[in-house]
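Asks: Hey, dropping target29.pdb in here, PDB, C-alpha atoms:
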```pdb
ATOM      1  CA  MET A  12    -216.782 206.564  85.189  1.00  0.00           C
ATOM      2  CA  ASP A  13    -213.958 207.175  87.659  1.00  0.00           C
ATOM      3  CA  ASP A  14    -215.458 210.261  89.308  1.00  0.00           C
ATOM      4  CA  VAL A  15    -218.142 208.562  91.393  1.00  0.00           C
ATOM      5  CA  ALA A  16    -217.618 209.553  95.032  1.00  0.00           C
ATOM      6  CA  VAL A  17    -217.853 206.887  97.740  1.00  0.00           C
ATOM      7  CA  LEU A  18    -218.932 208.098 101.197  1.00  0.00           C
ATOM      8  CA  GLU A  19    -218.799 205.321 103.776  1.00  0.00           C
ATOM      9  CA  LYS A  20    -220.481 204.848 107.135  1.00  0.00           C
ATOM     10  CA  THR A  21    -218.961 202.183 109.410  1.00  0.00           C
ATOM     11  CA  ASP A  22    -219.957 200.747 112.760  1.00  0.00           C
ATOM     12  CA  SER A  23    -217.817 199.465 115.602  1.00  0.00           C
ATOM     13  CA  SER A  24    -217.657 195.965 114.109  1.00  0.00           C
ATOM     14  CA  GLY A  25    -216.154 197.212 110.849  1.00  0.00           C
ATOM     15  CA  TRP A  26    -219.316 196.676 108.796  1.00  0.00           C
ATOM     16  CA  GLY A  27    -219.800 199.487 106.318  1.00  0.00           C
ATOM     17  CA  LEU A  28    -222.498 201.093 104.195  1.00  0.00           C
ATOM     18  CA  ASN A  29    -221.589 203.215 101.175  1.00  0.00           C
ATOM     19  CA  MET A  30    -223.428 206.143  99.684  1.00  0.00           C
ATOM     20  CA  LEU A  31    -222.379 206.702  96.064  1.00  0.00           C
ATOM     21  CA  VAL A  32    -222.550 210.180  94.509  1.00  0.00           C
ATOM     22  CA  VAL A  33    -222.622 210.323  90.715  1.00  0.00           C
ATOM     23  CA  PRO A  34    -222.037 213.589  88.794  1.00  0.00           C
ATOM     24  CA  LEU A  35    -224.703 214.410  86.209  1.00  0.00           C
ATOM     25  CA  PRO A  36    -223.863 215.945  82.812  1.00  0.00           C
ATOM     26  CA  ASN A  37    -226.100 219.015  83.254  1.00  0.00           C
ATOM     27  CA  GLY A  38    -224.932 219.735  86.789  1.00  0.00           C
ATOM     28  CA  GLY A  39    -225.828 218.311  90.134  1.00  0.00           C
ATOM     29  CA  THR A  40    -225.589 214.725  91.265  1.00  0.00           C
ATOM     30  CA  LEU A  41    -227.391 211.431  91.661  1.00  0.00           C
ATOM     31  CA  VAL A  42    -227.206 210.023  95.193  1.00  0.00           C
ATOM     32  CA  HIS A  43    -227.254 206.224  95.253  1.00  0.00           C
ATOM     33  CA  SER A  44    -228.668 204.910  98.547  1.00  0.00           C
ATOM     34  CA  PRO A  45    -228.949 208.171 100.552  1.00  0.00           C
ATOM     35  CA  THR A  46    -227.307 207.499 103.914  1.00  0.00           C
ATOM     36  CA  TRP A  47    -227.068 209.586 107.064  1.00  0.00           C
ATOM     37  CA  LEU A  48    -223.397 209.840 108.040  1.00  0.00           C
ATOM     38  CA  GLY A  49    -223.769 212.292 110.913  1.00  0.00           C
ATOM     39  CA  ASP A  50    -223.979 216.052 111.247  1.00  0.00           C
ATOM     40  CA  GLU A  51    -221.695 216.715 108.272  1.00  0.00           C
ATOM     41  CA  THR A  52    -223.682 214.525 105.882  1.00  0.00           C
ATOM     42  CA  PHE A  53    -225.272 217.259 103.789  1.00  0.00           C
ATOM     43  CA  ALA A  54    -222.044 219.261 103.527  1.00  0.00           C
ATOM     44  CA  LYS A  55    -220.167 216.166 102.349  1.00  0.00           C
ATOM     45  CA  VAL A  56    -222.795 215.448  99.706  1.00  0.00           C
ATOM     46  CA  GLU A  57    -223.036 219.058  98.517  1.00  0.00           C
ATOM     47  CA  ALA A  58    -219.260 219.182  98.056  1.00  0.00           C
ATOM     48  CA  PHE A  59    -219.885 217.120  94.904  1.00  0.00           C
ATOM     49  CA  GLY A  60    -222.884 219.134  93.709  1.00  0.00           C
ATOM     50  CA  GLU A  61    -226.541 219.603  94.541  1.00  0.00           C
ATOM     51  CA  PRO A  62    -228.497 216.344  94.455  1.00  0.00           C
ATOM     52  CA  LYS A  63    -230.962 216.167  91.572  1.00  0.00           C
ATOM     53  CA  ILE A  64    -231.830 212.451  91.887  1.00  0.00           C
ATOM     54  CA  LEU A  65    -232.197 210.438  95.108  1.00  0.00           C
ATOM     55  CA  PHE A  66    -232.149 206.731  94.293  1.00  0.00           C
ATOM     56  CA  ALA A  67    -233.358 203.953  96.598  1.00  0.00           C
ATOM     57  CA  PRO A  68    -231.654 200.895  95.042  1.00  0.00           C
ATOM     58  CA  ASN A  69    -234.073 198.390  96.598  1.00  0.00           C
ATOM     59  CA  HIS A  70    -236.852 198.383  99.171  1.00  0.00           C
ATOM     60  CA  PHE A  71    -234.432 197.857 102.074  1.00  0.00           C
ATOM     61  CA  HIS A  72    -232.170 200.896 101.525  1.00  0.00           C
ATOM     62  CA  HIS A  73    -234.533 203.728 102.416  1.00  0.00           C
ATOM     63  CA  MET A  74    -234.116 204.724 106.067  1.00  0.00           C
ATOM     64  CA  SER A  75    -232.352 208.045 105.401  1.00  0.00           C
ATOM     65  CA  LEU A  76    -234.365 208.977 102.324  1.00  0.00           C
ATOM     66  CA  PRO A  77    -236.822 211.291 104.188  1.00  0.00           C
ATOM     67  CA  ARG A  78    -233.981 213.453 105.536  1.00  0.00           C
ATOM     68  CA  PHE A  79    -232.552 213.891 102.063  1.00  0.00           C
ATOM     69  CA  ARG A  80    -235.940 214.665 100.537  1.00  0.00           C
ATOM     70  CA  GLU A  81    -236.573 217.287 103.205  1.00  0.00           C
ATOM     71  CA  ARG A  82    -233.183 218.893 102.556  1.00  0.00           C
ATOM     72  CA  TRP A  83    -233.539 218.765  98.748  1.00  0.00           C
ATOM     73  CA  PRO A  84    -237.299 218.848  98.044  1.00  0.00           C
ATOM     74  CA  ASN A  85    -236.803 219.510  94.319  1.00  0.00           C
ATOM     75  CA  ALA A  86    -234.718 216.375  93.815  1.00  0.00           C
ATOM     76  CA  ALA A  87    -236.511 213.438  92.184  1.00  0.00           C
ATOM     77  CA  ALA A  88    -236.781 210.457  94.545  1.00  0.00           C
ATOM     78  CA  VAL A  89    -236.779 207.306  92.425  1.00  0.00           C
ATOM     79  CA  ALA A  90    -236.932 203.532  92.790  1.00  0.00           C
ATOM     80  CA  SER A  91    -237.744 200.548  90.631  1.00  0.00           C
ATOM     81  CA  ASP A  92    -241.355 199.623  89.959  1.00  0.00           C
ATOM     82  CA  VAL A  93    -240.966 196.491  92.091  1.00  0.00           C
ATOM     83  CA  ALA A  94    -239.472 198.342  95.081  1.00  0.00           C
ATOM     84  CA  THR A  95    -241.979 201.204  95.024  1.00  0.00           C
ATOM     85  CA  PRO A  96    -245.036 199.493  96.625  1.00  0.00           C
ATOM     86  CA  ARG A  97    -243.178 198.571  99.834  1.00  0.00           C
ATOM     87  CA  LEU A  98    -241.451 201.939  99.939  1.00  0.00           C
ATOM     88  CA  ARG A  99    -244.827 203.654  99.691  1.00  0.00           C
ATOM     89  CA  ALA A 100    -246.102 201.435 102.500  1.00  0.00           C
ATOM     90  CA  LYS A 101    -243.154 202.697 104.555  1.00  0.00           C
ATOM     91  CA  GLY A 102    -244.303 206.276 104.010  1.00  0.00           C
ATOM     92  CA  HIS A 103    -242.327 207.295 100.935  1.00  0.00           C
ATOM     93  CA  ASP A 104    -244.958 209.070  98.863  1.00  0.00           C
ATOM     94  CA  GLY A 105    -244.316 210.751  95.538  1.00  0.00           C
ATOM     95  CA  LEU A 106    -241.669 208.359  94.273  1.00  0.00           C
ATOM     96  CA  ALA A 107    -240.942 208.602  90.549  1.00  0.00           C
ATOM     97  CA  SER A 108    -240.024 205.827  88.145  1.00  0.00           C
ATOM     98  CA  LEU A 109    -236.467 205.163  87.031  1.00  0.00           C
ATOM     99  CA  GLY A 110    -237.452 205.964  83.454  1.00  0.00           C
ATOM    100  CA  SER A 111    -238.619 209.449  84.430  1.00  0.00           C
ATOM    101  CA  VAL A 112    -235.037 210.551  85.129  1.00  0.00           C
ATOM    102  CA  ALA A 113    -233.239 208.531  82.432  1.00  0.00           C
ATOM    103  CA  SER A 114    -232.645 211.639  80.312  1.00  0.00           C
ATOM    104  CA  GLN A 115    -230.664 213.227  83.161  1.00  0.00           C
ATOM    105  CA  LEU A 116    -228.145 210.386  83.340  1.00  0.00           C
ATOM    106  CA  PRO A 117    -224.739 210.493  81.640  1.00  0.00           C
ATOM    107  CA  SER A 118    -224.775 209.495  77.973  1.00  0.00           C
ATOM    108  CA  GLY A 119    -224.703 205.716  77.729  1.00  0.00           C
ATOM    109  CA  ALA A 120    -225.840 205.169  81.326  1.00  0.00           C
ATOM    110  CA  LYS A 121    -228.781 202.870  81.954  1.00  0.00           C
ATOM    111  CA  TRP A 122    -230.894 201.450  84.730  1.00  0.00           C
ATOM    112  CA  LEU A 123    -230.781 197.669  85.138  1.00  0.00           C
ATOM    113  CA  PRO A 124    -233.783 196.502  87.220  1.00  0.00           C
ATOM    114  CA  CYS A 125    -233.050 192.971  88.399  1.00  0.00           C
ATOM    115  CA  GLU A 126    -235.502 190.426  87.004  1.00  0.00           C
ATOM    116  CA  GLY A 127    -236.687 187.918  89.567  1.00  0.00           C
ATOM    117  CA  ALA A 128    -235.752 190.135  92.524  1.00  0.00           C
ATOM    118  CA  LYS A 129    -238.726 190.739  94.833  1.00  0.00           C
ATOM    119  CA  ALA A 130    -236.874 193.465  96.766  1.00  0.00           C
ATOM    120  CA  GLY A 131    -236.787 195.568  93.621  1.00  0.00           C
ATOM    121  CA  GLU A 132    -233.006 195.782  93.356  1.00  0.00           C
ATOM    122  CA  ALA A 133    -231.854 197.837  90.382  1.00  0.00           C
ATOM    123  CA  PHE A 134    -228.293 198.438  89.226  1.00  0.00           C
ATOM    124  CA  LEU A 135    -227.031 201.590  87.587  1.00  0.00           C
ATOM    125  CA  SER A 136    -224.652 201.019  84.659  1.00  0.00           C
ATOM    126  CA  LEU A 137    -222.301 203.885  83.798  1.00  0.00           C
ATOM    127  CA  PRO A 138    -220.169 203.992  80.640  1.00  0.00           C
ATOM    128  CA  GLY A 139    -216.397 203.638  80.785  1.00  0.00           C
ATOM    129  CA  GLU A 140    -213.496 203.342  78.361  1.00  0.00           C
ATOM    130  CA  ARG A 141    -212.717 199.760  79.397  1.00  0.00           C
ATOM    131  CA  GLY A 142    -216.332 198.773  79.938  1.00  0.00           C
ATOM    132  CA  PRO A 143    -219.298 199.726  82.099  1.00  0.00           C
ATOM    133  CA  THR A 144    -219.151 200.472  85.800  1.00  0.00           C
ATOM    134  CA  TRP A 145    -222.017 198.884  87.717  1.00  0.00           C
ATOM    135  CA  LEU A 146    -223.363 200.377  90.935  1.00  0.00           C
ATOM    136  CA  VAL A 147    -224.993 197.632  93.010  1.00  0.00           C
ATOM    137  CA  SER A 148    -226.597 197.467  96.428  1.00  0.00           C
ATOM    138  CA  ASP A 149    -227.291 194.065  98.012  1.00  0.00           C
ATOM    139  CA  ALA A 150    -226.894 191.689  95.064  1.00  0.00           C
ATOM    140  CA  PHE A 151    -223.108 191.604  95.477  1.00  0.00           C
ATOM    141  CA  PHE A 152    -220.702 192.440  98.307  1.00  0.00           C
ATOM    142  CA  ASN A 153    -216.951 192.978  98.389  1.00  0.00           C
ATOM    143  CA  VAL A 154    -216.098 193.549 102.045  1.00  0.00           C
ATOM    144  CA  GLU A 155    -212.349 193.261 102.566  1.00  0.00           C
ATOM    145  CA  ARG A 156    -212.130 194.843 106.024  1.00  0.00           C
ATOM    146  CA  PRO A 157    -212.458 192.326 108.875  1.00  0.00           C
ATOM    147  CA  VAL A 158    -215.885 192.440 110.519  1.00  0.00           C
ATOM    148  CA  THR A 159    -215.653 191.496 114.180  1.00  0.00           C
ATOM    149  CA  GLY A 160    -217.945 190.336 116.949  1.00  0.00           C
ATOM    150  CA  VAL A 161    -221.278 188.588 116.630  1.00  0.00           C
ATOM    151  CA  LEU A 162    -222.089 190.453 113.408  1.00  0.00           C
ATOM    152  CA  GLY A 163    -218.859 189.258 111.826  1.00  0.00           C
ATOM    153  CA  ILE A 164    -219.614 185.664 112.778  1.00  0.00           C
ATOM    154  CA  ALA A 165    -223.110 185.960 111.296  1.00  0.00           C
ATOM    155  CA  LEU A 166    -221.923 187.584 108.065  1.00  0.00           C
ATOM    156  CA  ARG A 167    -219.289 184.918 107.511  1.00  0.00           C
ATOM    157  CA  ALA A 168    -221.852 182.183 108.162  1.00  0.00           C
ATOM    158  CA  LEU A 169    -224.161 183.855 105.648  1.00  0.00           C
ATOM    159  CA  LYS A 170    -221.362 183.996 103.045  1.00  0.00           C
ATOM    160  CA  THR A 171    -221.516 187.790 102.948  1.00  0.00           C
ATOM    161  CA  THR A 172    -217.856 188.244 103.863  1.00  0.00           C
ATOM    162  CA  PRO A 173    -214.977 188.184 103.158  1.00  0.00           C
ATOM    163  CA  GLY A 174    -214.311 189.341  99.606  1.00  0.00           C
ATOM    164  CA  LEU A 175    -216.490 189.228  96.520  1.00  0.00           C
ATOM    165  CA  ALA A 176    -219.692 187.487  97.566  1.00  0.00           C
ATOM    166  CA  ILE A 177    -223.409 186.924  97.120  1.00  0.00           C
ATOM    167  CA  GLY A 178    -224.878 186.911 100.608  1.00  0.00           C
ATOM    168  CA  GLN A 179    -227.337 184.288 101.746  1.00  0.00           C
ATOM    169  CA  THR A 180    -229.710 187.034 102.888  1.00  0.00           C
ATOM    170  CA  PHE A 181    -230.005 188.227  99.282  1.00  0.00           C
ATOM    171  CA  LEU A 182    -230.998 184.722  98.225  1.00  0.00           C
ATOM    172  CA  TRP A 183    -233.503 184.386 101.067  1.00  0.00           C
ATOM    173  CA  MET A 184    -234.985 187.861 101.333  1.00  0.00           C
ATOM    174  CA  ALA A 185    -234.422 189.677  98.042  1.00  0.00           C
ATOM    175  CA  LEU A 186    -235.026 187.053  95.358  1.00  0.00           C
ATOM    176  CA  GLY A 187    -238.483 186.020  94.297  1.00  0.00           C
ATOM    177  CA  ASP A 188    -237.533 183.695  91.444  1.00  0.00           C
ATOM    178  CA  ARG A 189    -233.973 182.420  91.618  1.00  0.00           C
ATOM    179  CA  ALA A 190    -234.040 180.778  88.177  1.00  0.00           C
ATOM    180  CA  VAL A 191    -235.279 183.964  86.484  1.00  0.00           C
ATOM    181  CA  TYR A 192    -232.650 186.084  88.211  1.00  0.00           C
ATOM    182  CA  ARG A 193    -229.876 183.607  87.459  1.00  0.00           C
ATOM    183  CA  LYS A 194    -230.616 183.611  83.739  1.00  0.00           C
ATOM    184  CA  TRP A 195    -231.051 187.383  83.682  1.00  0.00           C
ATOM    185  CA  ILE A 196    -227.791 188.196  85.465  1.00  0.00           C
ATOM    186  CA  LEU A 197    -225.718 185.688  83.483  1.00  0.00           C
ATOM    187  CA  ASP A 198    -227.111 186.981  80.181  1.00  0.00           C
ATOM    188  CA  LEU A 199    -226.502 190.566  81.304  1.00  0.00           C
ATOM    189  CA  LEU A 200    -222.923 189.868  82.362  1.00  0.00           C
ATOM    190  CA  ALA A 201    -222.173 188.292  78.997  1.00  0.00           C
ATOM    191  CA  ARG A 202    -223.726 191.221  77.155  1.00  0.00           C
ATOM    192  CA  GLU A 203    -222.519 194.181  79.232  1.00  0.00           C
ATOM    193  CA  ARG A 204    -219.155 192.782  80.419  1.00  0.00           C
ATOM    194  CA  PRO A 205    -218.752 195.246  83.306  1.00  0.00           C
ATOM    195  CA  ALA A 206    -215.156 196.210  83.993  1.00  0.00           C
ATOM    196  CA  ARG A 207    -215.762 197.834  87.369  1.00  0.00           C
ATOM    197  CA  MET A 208    -218.246 197.467  90.205  1.00  0.00           C
ATOM    198  CA  LEU A 209    -219.056 199.805  93.092  1.00  0.00           C
ATOM    199  CA  PHE A 210    -220.946 198.473  96.096  1.00  0.00           C
ATOM    200  CA  SER A 211    -223.241 199.619  98.866  1.00  0.00           C
ATOM    201  CA  HIS A 212    -221.201 197.249 101.026  1.00  0.00           C
ATOM    202  CA  GLY A 213    -217.511 196.893 100.272  1.00  0.00           C
ATOM    203  CA  VAL A 214    -214.715 198.311  98.171  1.00  0.00           C
ATOM    204  CA  ALA A 215    -214.662 198.823  94.417  1.00  0.00           C
ATOM    205  CA  ILE A 216    -213.393 196.028  92.214  1.00  0.00           C
ATOM    206  CA  GLU A 217    -212.292 196.164  88.589  1.00  0.00           C
ATOM    207  CA  GLY A 218    -210.526 194.252  85.854  1.00  0.00           C
ATOM    208  CA  ASP A 219    -210.952 192.934  82.332  1.00  0.00           C
ATOM    209  CA  ALA A 220    -212.037 189.535  83.683  1.00  0.00           C
ATOM    210  CA  LEU A 221    -214.500 190.933  86.242  1.00  0.00           C
ATOM    211  CA  HIS A 222    -217.547 189.756  84.323  1.00  0.00           C
ATOM    212  CA  GLU A 223    -216.122 186.231  84.279  1.00  0.00           C
ATOM    213  CA  ARG A 224    -215.493 186.310  88.043  1.00  0.00           C
ATOM    214  CA  LEU A 225    -219.039 187.495  88.643  1.00  0.00           C
ATOM    215  CA  ALA A 226    -220.502 184.857  86.332  1.00  0.00           C
ATOM    216  CA  ALA A 227    -218.555 182.132  88.138  1.00  0.00           C
ATOM    217  CA  LEU A 228    -219.799 183.404  91.494  1.00  0.00           C
ATOM    218  CA  VAL A 229    -223.410 183.485  90.277  1.00  0.00           C
ATOM    219  CA  THR A 230    -223.123 179.968  88.889  1.00  0.00           C
ATOM    220  CA  ALA A 231    -221.681 178.680  92.172  1.00  0.00           C
ATOM    221  CA  ARG A 232    -224.180 180.439  94.467  1.00  0.00           C
ATOM    222  CA  LEU A 233    -227.378 180.232  92.406  1.00  0.00           C
TER     223      LEU A 233
END
```
So, in terms of C-alpha cells, how does the structure I just supplied come out?
Replies:
Amino acid sequence: MDDVAVLEKTDSSGWGLNMLVVPLPNGGTLVHSPTWLGDETFAKVEAFGEPKILFAPNHFHHMSLPRFRERWPNAAAVASDVATPRLRAKGHDGLASLGSVASQLPSGAKWLPCEGAKAGEAFLSLPGERGPTWLVSDAFFNVERPVTGVLGIALRALKTTPGLAIGQTFLWMALGDRAVYRKWILDLLARERPARMLFSHGVAIEGDALHERLAALVTARL
C-alpha cells in the first residue's frame, strides 16, 4: 500500500520516531505506534481518518498510548500476546488481541508476530502490487539522517545507524531466542518477499531485491 501516512517526531540530535497511519477499508485508520507529536497531534492524525485501531508494536512503544485511548475511547487498543503482559503491568488495561481486529484490516493484510522476540514485536504486512509492505518497529532501522552528539555516537556504536540496520539493542533487549527468531525471519522473508518496508525509526525502503538485502543483514547480524 502506498497510502500509509508517516508522521515523524525528531529530537535535537536528529533521531526520529515515526507514527504510521494506515487507512482501513471500512473507514477510519489504524495507528501504528501512537506517538505524541505536540499540540497538533490529534488534528494531524484525524486528517487521515478517525482511529479505529491503536497498535503497540512491542512492549517498548507505549508511552503515548494512554493519550490516544483517552481521545478515541472506542478505538481498539491492540498488541501481541507476548507484549501484552508487560504493557498491562505498565497500566494498559483492556488491551485486545491482534486477531480480534484482523477482520478490519485491508484484504490480504496480516499480523506477523515475531517468534523468539521477548519484547513482543509484531509486524504488519500490507498487500501491494509488487509485493507486501511490512511495517516494523525495532527489529529493523533505516536512519539516513545524521544523528549527532552523544546519542549519535552511541547509536553508531550499537550498529543502529546509519542506513539499513539491526540494532544491538534489539539483539540484547528484544530477543529471547536468537536462533528461533533467525529461522523465523529468514523463512518469512523467503515466503513473503516484501518489496517495501516502513519503519518506526528511519525512512521507507523498497525494491525487488529488498527481501534479499534483509536476509543478508539477518544472516550477518544474527
Asks: Show me a table, sorted first by chain and then by increasing residue number, of the residues of stretch 49-100 of chain A having an atom at most 12 Å from stretch 202-224 of chain A, each with its shortest atom pair and the distance in Å to one decimal, counting all atoms listed in the file and written as a tab-separated table.
Replies:
```
residue	atom	partner	partner_atom	distance
A:Ala67	CA	A:Ser211	CA	11.2
A:Pro68	CA	A:Ser211	CA	9.3
A:Asn69	CA	A:Ser211	CA	11.1
A:Phe71	CA	A:Ser211	CA	11.8
A:His72	CA	A:Ser211	CA	9.4
```
Asks: Quick one: write out the picked residues with C-alpha atoms as a compact mmCIF listing (two decimals), in the frame of the given file?
Replies:
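This is the output file selection_25.txt:
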```
# COMPACT_ATOMS: atom_id res chain seq x y z
CA ALA A 67 -233.36 203.95 96.60
CA PRO A 68 -231.65 200.90 95.04
CA ASN A 69 -234.07 198.39 96.60
CA PHE A 71 -234.43 197.86 102.07
CA HIS A 72 -232.17 200.90 101.52
```
Asks: Could you spell out the hits of the PyMOL selection byres ((chain A and resi 126-140) around 7) on the shown file, as a list of chain:residue names?
Replies: A:Met12, A:Pro68, A:Asn69, A:His70, A:Ser91, A:Val93, A:Ala94, A:Gly119, A:Ala120, A:Lys121, A:Trp122, A:Leu123, A:Pro124, A:Cys125, A:Arg141, A:Gly142, A:Pro143, A:Thr144, A:Trp145, A:Leu146, A:Val147, A:Ala185, A:Leu186, A:Gly187, A:Asp188, A:Arg189, A:Val191, A:Tyr192, A:Trp195
Asks: So that I can see what lies close to A:Trp83, please list as a PyMOL selection string the residues with an atom at most 9 Å from it, counting only C-alpha atoms and leaving out residues fewer than 4 positions away in the same chain.
Replies: chain A and resi 61-63+78-79+87
Asks: What does the structure give for the distance between atom CA of A:Pro77 and atom CA of A:Val154, in Å to one decimal?
Replies: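 Those two atoms sit 27.4 Å apart.
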Asks: Extract, using only C-alpha atoms, all DNA, RNA and protein residues at most 12 Å from stretch 159-162 of chain A, discarding same-chain residues fewer than 6 positions from it, and format them as a PDB file with C-alpha atoms, keeping the file's coordinate frame.
Replies:
```
ATOM      1  CA  ASP A  22    -219.957 200.747 112.760  1.00  0.00           C
ATOM      2  CA  SER A  23    -217.817 199.465 115.602  1.00  0.00           C
ATOM      3  CA  SER A  24    -217.657 195.965 114.109  1.00  0.00           C
ATOM      4  CA  GLY A  25    -216.154 197.212 110.849  1.00  0.00           C
ATOM      5  CA  TRP A  26    -219.316 196.676 108.796  1.00  0.00           C
ATOM      6  CA  GLY A  27    -219.800 199.487 106.318  1.00  0.00           C
ATOM      7  CA  ALA A 168    -221.852 182.183 108.162  1.00  0.00           C
ATOM      8  CA  LEU A 169    -224.161 183.855 105.648  1.00  0.00           C
ATOM      9  CA  THR A 171    -221.516 187.790 102.948  1.00  0.00           C
ATOM     10  CA  THR A 172    -217.856 188.244 103.863  1.00  0.00           C
ATOM     11  CA  PRO A 173    -214.977 188.184 103.158  1.00  0.00           C
TER      12      PRO A 173
END
```
Asks: Which residue is closest to A:Phe53? Choose from A:Asp198, A:Glu81, A:Asp149, A:Glu155 and count all atoms listed in the file.
Replies: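 Residue with the minimum atom-to-atom distance to A:Phe53: A:Glu81.
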Asks: Quick one: of A:Met184, A:Arg167, A:Ala113, A:Ala150, who's nearest to A:Val229, counting all atoms listed in the file?
Replies: A:Ala150
